[in-house]
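Below is one structure, written out as structure tokens; the observations come after it.
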Amino acid sequence: MALTAGELPAVEIPAGVRAAERARIEAIARGSRAAVAIFAGEAGGGSGVLVSADGYALTNFHVVQPAGVAMKCGLSDGRLYDAVLVGLDPTGDVALVKLVGRDDFPFAELADSDLVEVGDFCFAAGNPFLLATDFRPSISAGIVSGTRRYQFPAGTILEYADCLQVDAAINPGNSGGGLFDAEGRVIGVNGRASFEKRGRVNVGVGYAISSNQLRQFLGCLKGGRLVDHATLGATVATADDGRVVVSDILESSDAYRRGLRYDDEVVSLAGRPVRTVNALKNILGTLPAGWRVPLVYRRAGRRREVLVRLAGLHTSGELAKIVSGGAETETPGEGEEKRPGRPGDSAPHGDGQKPAVDIPPALAGLYEPRNGFTNFHFNAVELDRVARRVATRHPFPAGDAAWVVSGSLEKGQPFRIELSDQRATIDLPTGTSSIDATGELDATPAPPGSGGLLAALVLWRRLLREGPATLGRTTYWGTVPHWSTEPPTDGQAGAGDLTAAPGTRGGAPLVDVLDTAAASVEGRFLVADDGFVLGIDLWPTPDADPCEVRFSPGEGLPTAMEVRHGDEVFGRFRIERIDVEAPAEGRQDTDAETPADGGTT
Amino acid sequence: MRTCAMPETPTRGASLLAFVVTAVIGAVGAVALLGAVARGATPEETIAGGARRVVKLYGAGGVRGLEAYQTGILVSPQGHIVTVLSTVLDSDGIDCVLDDGRRYPATLLGADPRRELAVLSIAGEDLPCYELPTLDEAAPAQAGAAVGGVSPGTRVFALSNLFGVAVGDERVSAQHGVISSIVPLEARRGAHEAPYRGNVYILDCTTSNPGSAGGALIDWRGRLVGMLGKELRATATGVWLNYALPVDEVARGYRSVLGAGVDALATPEPDGLPYDVALLGIVLVPDLLDKTPPFVESIRDGSVSAGAGLRADDLLVAVNGRSVASRSAVQQRLAALADGDPVQVTVIRDGGIVECDLGPKPRAGGKP
């Protein structure tokens, strides 16, 4: 029996259904506007999805790899835009590009993929088989078939961890395009599918990189970096009783320094329970190297909770080799959709030979190669953005006036810290320490037990007073979760719950990080959205515990400072005032006294 | 008026609209997804409820083209599982992993070779399960007709361990689709004709994936309507078929296995199926190759073959003096004998030739 036109008027369509239909049409229209058709010339192409009005679009590493630095991108308005490669995450198969020519690009919001459930409606908007000669994307719809899937990497790259599995058709050319929810928000970036014996066409099994993983890497990618994924420095195995236990651990890892040992049970990482080996891979696979996350482990019935710094899976040399078309990328995993192309194409993708860097005029000035980076130009852009915010938030007078920070310790005893261009001195009830601020800062971490507090404060003063330019080699690192002071404890689910609302990471908002290498030390500044410098981690020697300084924001100046080294709290300082003293040269500062917010002067 | 998938009025409107929308804009029925769930469980809840009754099975295989995993459906609280009869089950150690990650060893209770359905058992209690219809209720699915509310156009979810993606406590995959038609199965796998010729549900979603076989086909109200079939091609066209065995056939197969007990494995069907060496108590290695050498995997205790001294790892080289080069040749040679004919097999064991007299060929349906 066929449905004939004559029967249609008899159907009473409920208003709710009509509204649902309208909502879906609108969602698909929204998704379509944000869809990007990426053309990599001879090498084929793929898809992308715009995530900001100024033209940042996410796609797959394996889509842009053959394209090189510059590419052409079509939008559903039928126009072709120039785009430049910004950042790469080859391990996670993610790339960030920037379209140019507008500041009002249509874009889609990144949703919270942790809220996605199996059975949810979803759709893909992309350019399968490069069909869209008018750049209007093809839409395929379906349901979410699975969440938190793990797909093995090819070698050490193109790992799909904690990904979404969908039965919406994902075909060659869909790679890099957005996977959208019923509201037209991005829940993932399609990149891979299981194929079997019937050739490289969809069999109802596609995989998308989750939007939450993308969000965690976005800061690093915007900084033009070549981003690596995280490793715990330990391997785990399933014990006979089902517990996930440490089967091997590197003594140089932070996890080891935080006390994790062979045979300890891993209970949770980054706020998510670890009940299987796959679960740990899923969690780690979504985290950038260099992040610090809560780890809960158990030994002999005793539960311990620490924050661990995650190391990188690769050396920067290894990553660079992969990106330049090293042998590793030639062995993609099962079903990996490597080079999308037209059906029947003889796939003329150059054998590892990349197109010469040929920047079209529209992209002039937007590309700067540098070792360890994808496109250093964008690092300068982000560094400048953060530096401006820092300067606005901390309006210290420039010049060489000394700063005197004073206040009280936890038990009420006074402290005094004097920071000048020449020296840094701290007076504590336990004694006075001092370092030379003019030379190398790695000589002796002072005061003893702090791990290098004075050196950290010297850098802090330089950053606040002069900006990053005076610090030495400073770059924009990306974003990290800012854990308040304590690692989350049992029963305080919210504190370490990385599955909470997007952007907040469960009480740990993502904040900007500046990396600096100056005077023989390495430092890392955490900067809040408003430009407040939340903290400094300072390493007098690499692969050791840094001195960690955390400032509590006040209206103007920090109201408190906590200093940690390793597992110990060195001290909690209540800052009552910061005085900018008349410089030795006699230059006067009329407004020499700056009361700290909330301080008692 | 078109026969609708959902008998209730509110959902009828939604499913009709779904067809209209599908025709107009050529997309999958998201409106249906939203509209049909105005009452009762959401699709997310329906899938979650169904997935708890679906298990991941691991057994023999792992050779290229033959996966060592498939899917099963819990059909009794005590741990009976229905699945497809396949080489995955040709293993002494079948592992069964529940939705919550619990792992059980599974025992093969028996099989219905005609429906290619096997029944496994795990030592569980109070397990979530589907209740199969009793045989009286279950009328065979008619081509093109509605059975128990299931007709062409019914929207369904397929729940299966496709591609072995889900491991441990990870939930099996869910796909959505529509029962496109109800037709007799005419399919083959290589040169092997599928023995079941009854009606199956043809689906519009790709379920002929590795590991999908034995998965649950449920409707939008969460009822079990079928069991996902094997990877087969249509005899006429060679197209890979996405099909499911209707639940009434699943129930018949299940009850026939239970009724017949363990020996159901040896029950030959009357329609000229290949003779099964299992009648003699011989389990051969899985038939993985064009010409799988007929090595003995194991010998059932108490069988005539055990009595005659056959052992695991023996290689069958002749039946009644005529050479057999492959597993299928053994079956053919045995099938050519009349019931009651003497059966003598020649095997190679430790480099030597050993003759074994198995006595008269067992009668079909008889005890080995």
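The chains in the structure tokens are called A, B, ... from first to last as shown; in each chain the residues are counted from 1, and the ligands are counted from 1 in the order shown.
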
Please identify all polymer residues within 10 Å of B:Thr46, counting only C-alpha atoms, omitting same-chain residues fewer than 2 positions from it, and present them as number ranges by chain.
A: 118-119; B: 40-44, 48-51, 157, 218-223

For those residues, write C-alpha atoms to a file as a PDB file, in the first residue's frame.
ATOM      1  CA  VAL A 118      23.019   6.302  23.350  1.00  0.00           C
ATOM      2  CA  GLY A 119      19.859   6.712  21.293  1.00  0.00           C
TER       3      GLY A 119
ATOM      4  CA  GLY B  40       6.351   6.072  27.531  1.00  0.00           C
ATOM      5  CA  ALA B  41      10.041   5.520  27.458  1.00  0.00           C
ATOM      6  CA  THR B  42      12.436   7.672  25.460  1.00  0.00           C
ATOM      7  CA  PRO B  43      14.554   5.942  22.801  1.00  0.00           C
ATOM      8  CA  GLU B  44      17.509   6.361  25.146  1.00  0.00           C
ATOM      9  CA  ALA B  48      19.368   1.131  27.738  1.00  0.00           C
ATOM     10  CA  GLY B  49      16.712  -1.338  28.874  1.00  0.00           C
ATOM     11  CA  GLY B  50      17.306  -3.593  25.890  1.00  0.00           C
ATOM     12  CA  ALA B  51      21.076  -3.478  26.139  1.00  0.00           C
ATOM     13  CA  PHE B 157      16.648  -0.668  17.172  1.00  0.00           C
ATOM     14  CA  ILE B 218      13.692  -4.458  19.493  1.00  0.00           C
ATOM     15  CA  ASP B 219      10.813  -2.161  18.658  1.00  0.00           C
ATOM     16  CA  TRP B 220      10.305   1.305  20.040  1.00  0.00           C
ATOM     17  CA  ARG B 221       8.362  -0.044  22.953  1.00  0.00           C
ATOM     18  CA  GLY B 222      11.318  -2.144  23.912  1.00  0.00           C
ATOM     19  CA  ARG B 223       9.823  -5.493  22.878  1.00  0.00           C
TER      20      ARG B 223
END

Enumerate the residues of stretch 265-362 of chain B with a DSSP assignment of alpha helix (DSSP H), computed from the backbone, and present them as a list of chain:residue names.
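Going through stretch 265-362 of chain B, the alpha helix (DSSP H) residues come out as B:Val304, B:Ser305, B:Ala306, B:Gly307, B:Arg327, B:Ser328, B:Ala329, B:Val330, B:Gln331, B:Gln332, B:Arg333, B:Leu334, B:Ala335.
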
Which residues are near A:Asp167? Cut-off 7 Å, only C-alpha atoms, ignore same chain within fewer than 2 positions. Put them as a count of residues only.
9

From the options B:Glu116, B:Glu170, B:Asp100, B:Asp90, which residue's atoms come nearest to chain A, counting only C-alpha atoms?
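Nearest candidate to chain A out of B:Glu116, B:Glu170, B:Asp100, B:Asp90: B:Glu170.
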
Could you name the residues that touch stretch 548-562 of chain A at 6 Å or less, counting only C-alpha atoms, but leaving out those on the same chain fewer than 4 positions away, as a PDB file with N, CA and C atoms, in the first residue's frame?
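Resulting contents of result.pdb:
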ATOM      1  N   LEU A 534      47.027  33.840  38.202  1.00  0.00           N
ATOM      2  CA  LEU A 534      46.566  32.950  39.271  1.00  0.00           C
ATOM      3  C   LEU A 534      47.704  32.194  39.927  1.00  0.00           C
ATOM      4  N   GLY A 535      48.787  32.016  39.172  1.00  0.00           N
ATOM      5  CA  GLY A 535      49.854  31.241  39.783  1.00  0.00           C
ATOM      6  C   GLY A 535      51.052  31.095  38.883  1.00  0.00           C
ATOM      7  N   ILE A 536      52.105  30.572  39.488  1.00  0.00           N
ATOM      8  CA  ILE A 536      53.342  30.280  38.761  1.00  0.00           C
ATOM      9  C   ILE A 536      53.812  28.904  39.211  1.00  0.00           C
ATOM     10  N   ASP A 537      54.213  28.100  38.250  1.00  0.00           N
ATOM     11  CA  ASP A 537      54.968  26.893  38.573  1.00  0.00           C
ATOM     12  C   ASP A 537      56.376  27.142  38.065  1.00  0.00           C
ATOM     13  N   GLY A 571      53.940  27.212  52.576  1.00  0.00           N
ATOM     14  CA  GLY A 571      53.381  28.259  53.415  1.00  0.00           C
ATOM     15  C   GLY A 571      52.151  28.884  52.793  1.00  0.00           C
ATOM     16  N   ARG A 572      51.303  29.420  53.684  1.00  0.00           N
ATOM     17  CA  ARG A 572      50.141  30.176  53.207  1.00  0.00           C
ATOM     18  C   ARG A 572      50.331  31.613  53.694  1.00  0.00           C
ATOM     19  N   PHE A 573      50.371  32.526  52.742  1.00  0.00           N
ATOM     20  CA  PHE A 573      50.712  33.917  53.033  1.00  0.00           C
ATOM     21  C   PHE A 573      49.475  34.795  52.833  1.00  0.00           C
ATOM     22  N   ARG A 574      49.147  35.535  53.873  1.00  0.00           N
ATOM     23  CA  ARG A 574      48.079  36.519  53.743  1.00  0.00           C
ATOM     24  C   ARG A 574      48.740  37.829  53.355  1.00  0.00           C
ATOM     25  N   ILE A 575      48.414  38.310  52.159  1.00  0.00           N
ATOM     26  CA  ILE A 575      49.080  39.521  51.664  1.00  0.00           C
ATOM     27  C   ILE A 575      48.290  40.733  52.130  1.00  0.00           C
ATOM     28  N   ALA A 596      46.525  46.097  49.343  1.00  0.00           N
ATOM     29  CA  ALA A 596      45.954  44.905  48.744  1.00  0.00           C
ATOM     30  C   ALA A 596      44.481  44.844  49.074  1.00  0.00           C
ATOM     31  N   ASP A 597      43.758  44.298  48.180  1.00  0.00           N
ATOM     32  CA  ASP A 597      42.323  44.183  48.396  1.00  0.00           C
ATOM     33  C   ASP A 597      42.055  43.335  49.631  1.00  0.00           C
TER      34      ASP A 597
END

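Our summary of the geometry notes that atom CA of A:Pro172 is positioned 25.8 Å from atom CA of B:Tyr243.
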
All strand (DSSP E) positions in stretch 98-248 of chain A, as a ChimeraX atom specification:
/A:98-99,121-126,138-151,160-166,178-180,186-193,206-210,230-231,234-238,244-248

Would you put the residues from that selection into a file with C-alpha atoms, as a PDB file, in the first residue's frame?
ATOM      1  CA  LYS A  98      41.379  29.573  10.402  1.00  0.00           C
ATOM      2  CA  LEU A  99      39.275  30.887   7.585  1.00  0.00           C
ATOM      3  CA  PHE A 121      19.379  11.922  17.557  1.00  0.00           C
ATOM      4  CA  CYS A 122      22.431  13.245  15.734  1.00  0.00           C
ATOM      5  CA  PHE A 123      23.421  14.323  12.277  1.00  0.00           C
ATOM      6  CA  ALA A 124      26.592  14.808  10.306  1.00  0.00           C
ATOM      7  CA  ALA A 125      27.129  17.746   7.966  1.00  0.00           C
ATOM      8  CA  GLY A 126      30.052  17.310   5.647  1.00  0.00           C
ATOM      9  CA  SER A 138      25.478  16.605   2.684  1.00  0.00           C
ATOM     10  CA  ILE A 139      23.440  15.720   5.752  1.00  0.00           C
ATOM     11  CA  SER A 140      23.202  12.228   7.147  1.00  0.00           C
ATOM     12  CA  ALA A 141      21.157  11.542  10.237  1.00  0.00           C
ATOM     13  CA  GLY A 142      21.082   8.787  12.754  1.00  0.00           C
ATOM     14  CA  ILE A 143      21.384   7.965  16.393  1.00  0.00           C
ATOM     15  CA  VAL A 144      24.267   7.788  18.779  1.00  0.00           C
ATOM     16  CA  SER A 145      25.142   4.077  18.832  1.00  0.00           C
ATOM     17  CA  GLY A 146      27.710   4.157  21.582  1.00  0.00           C
ATOM     18  CA  THR A 147      29.552   6.556  23.826  1.00  0.00           C
ATOM     19  CA  ARG A 148      33.038   6.438  25.332  1.00  0.00           C
ATOM     20  CA  ARG A 149      34.288   4.103  22.644  1.00  0.00           C
ATOM     21  CA  TYR A 150      37.965   3.359  22.294  1.00  0.00           C
ATOM     22  CA  GLN A 151      39.503   2.862  18.855  1.00  0.00           C
ATOM     23  CA  TYR A 160      40.146   7.755  19.029  1.00  0.00           C
ATOM     24  CA  ALA A 161      39.573   7.681  22.745  1.00  0.00           C
ATOM     25  CA  ASP A 162      36.306   8.241  24.526  1.00  0.00           C
ATOM     26  CA  CYS A 163      34.723   8.823  21.140  1.00  0.00           C
ATOM     27  CA  LEU A 164      31.113   8.796  20.003  1.00  0.00           C
ATOM     28  CA  GLN A 165      29.861   6.005  17.758  1.00  0.00           C
ATOM     29  CA  VAL A 166      27.006   6.841  15.405  1.00  0.00           C
ATOM     30  CA  GLY A 178      30.816  18.206  12.596  1.00  0.00           C
ATOM     31  CA  LEU A 179      28.559  15.757  14.350  1.00  0.00           C
ATOM     32  CA  PHE A 180      25.607  17.733  15.683  1.00  0.00           C
ATOM     33  CA  VAL A 186      28.650  20.256  17.854  1.00  0.00           C
ATOM     34  CA  ILE A 187      28.993  17.078  19.906  1.00  0.00           C
ATOM     35  CA  GLY A 188      31.931  15.780  17.913  1.00  0.00           C
ATOM     36  CA  VAL A 189      34.094  15.794  14.830  1.00  0.00           C
ATOM     37  CA  ASN A 190      33.594  12.801  12.563  1.00  0.00           C
ATOM     38  CA  GLY A 191      36.796  11.152  11.557  1.00  0.00           C
ATOM     39  CA  ARG A 192      36.681   7.461  11.320  1.00  0.00           C
ATOM     40  CA  ALA A 193      34.466   4.499  10.555  1.00  0.00           C
ATOM     41  CA  GLY A 206      31.118   5.850  12.361  1.00  0.00           C
ATOM     42  CA  TYR A 207      33.195   7.468  15.086  1.00  0.00           C
ATOM     43  CA  ALA A 208      33.499  11.079  16.153  1.00  0.00           C
ATOM     44  CA  ILE A 209      36.034  12.784  18.399  1.00  0.00           C
ATOM     45  CA  SER A 210      34.018  14.131  21.327  1.00  0.00           C
ATOM     46  CA  ALA A 230      49.185  12.689  27.740  1.00  0.00           C
ATOM     47  CA  THR A 231      50.669   9.648  29.353  1.00  0.00           C
ATOM     48  CA  ALA A 234      52.542   4.025  34.118  1.00  0.00           C
ATOM     49  CA  THR A 235      50.858   1.061  32.494  1.00  0.00           C
ATOM     50  CA  VAL A 236      47.959  -0.775  34.043  1.00  0.00           C
ATOM     51  CA  ALA A 237      46.520  -4.268  33.817  1.00  0.00           C
ATOM     52  CA  THR A 238      43.427  -5.990  35.085  1.00  0.00           C
ATOM     53  CA  VAL A 244      42.884  -2.098  37.500  1.00  0.00           C
ATOM     54  CA  VAL A 245      46.399  -2.107  38.931  1.00  0.00           C
ATOM     55  CA  VAL A 246      49.697  -0.508  37.997  1.00  0.00           C
ATOM     56  CA  SER A 247      51.754  -3.069  36.103  1.00  0.00           C
ATOM     57  CA  ASP A 248      54.726  -0.806  35.390  1.00  0.00           C
TER      58      ASP A 248
END

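Restricting the calculation to only C-alpha atoms, the smallest distance between chain B and any of A:Asn171, A:Gln216, A:Ser450, A:Thr276 is found for A:Thr276.
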
Considering only C-alpha atoms, return as a PyMOL selection string whatever protein or nucleic-acid residues lie within 12 Å of A:Val267, sequence-local ones (same chain, fewer than 2 positions apart) excluded.
chain A and resi 236+242-246+260+264-265+269-277+279-280+294-299+301-306+490

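Comparing A:Arg198, A:Arg292, A:Arg185, A:Arg102 by their smallest distance to chain B, the closest is A:Arg198 (using only C-alpha atoms).
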
Show which residues sit within 6 Å of A:Ile426, as a list in words. Count only C-alpha atoms, and ignore same-chain residues fewer than 6 positions away.
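Once the nearby chain positions are removed, what remains is Arg416, Ile417, Thr432 and Ser433 of chain A.
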
Based on the selection just made, write N, CA and C atoms of those residues as an mmCIF file, in the first residue's frame.
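What landed in out01.cif:
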data_model
loop_
_atom_site.group_PDB
_atom_site.id
_atom_site.type_symbol
_atom_site.label_atom_id
_atom_site.label_comp_id
_atom_site.auth_asym_id
_atom_site.auth_seq_id
_atom_site.Cartn_x
_atom_site.Cartn_y
_atom_site.Cartn_z
ATOM 1 N N ARG A 416 57.832 39.389 55.091
ATOM 2 C CA ARG A 416 58.131 40.535 54.226
ATOM 3 C C ARG A 416 58.960 40.037 53.059
ATOM 4 N N ILE A 417 58.547 40.390 51.870
ATOM 5 C CA ILE A 417 59.290 39.984 50.683
ATOM 6 C C ILE A 417 59.649 41.252 49.912
ATOM 7 N N THR A 432 65.936 34.682 57.093
ATOM 8 C CA THR A 432 65.919 35.494 55.883
ATOM 9 C C THR A 432 66.659 34.773 54.763
ATOM 10 N N SER A 433 66.071 34.797 53.560
ATOM 11 C CA SER A 433 66.736 34.231 52.389
ATOM 12 C C SER A 433 66.786 35.281 51.304
#
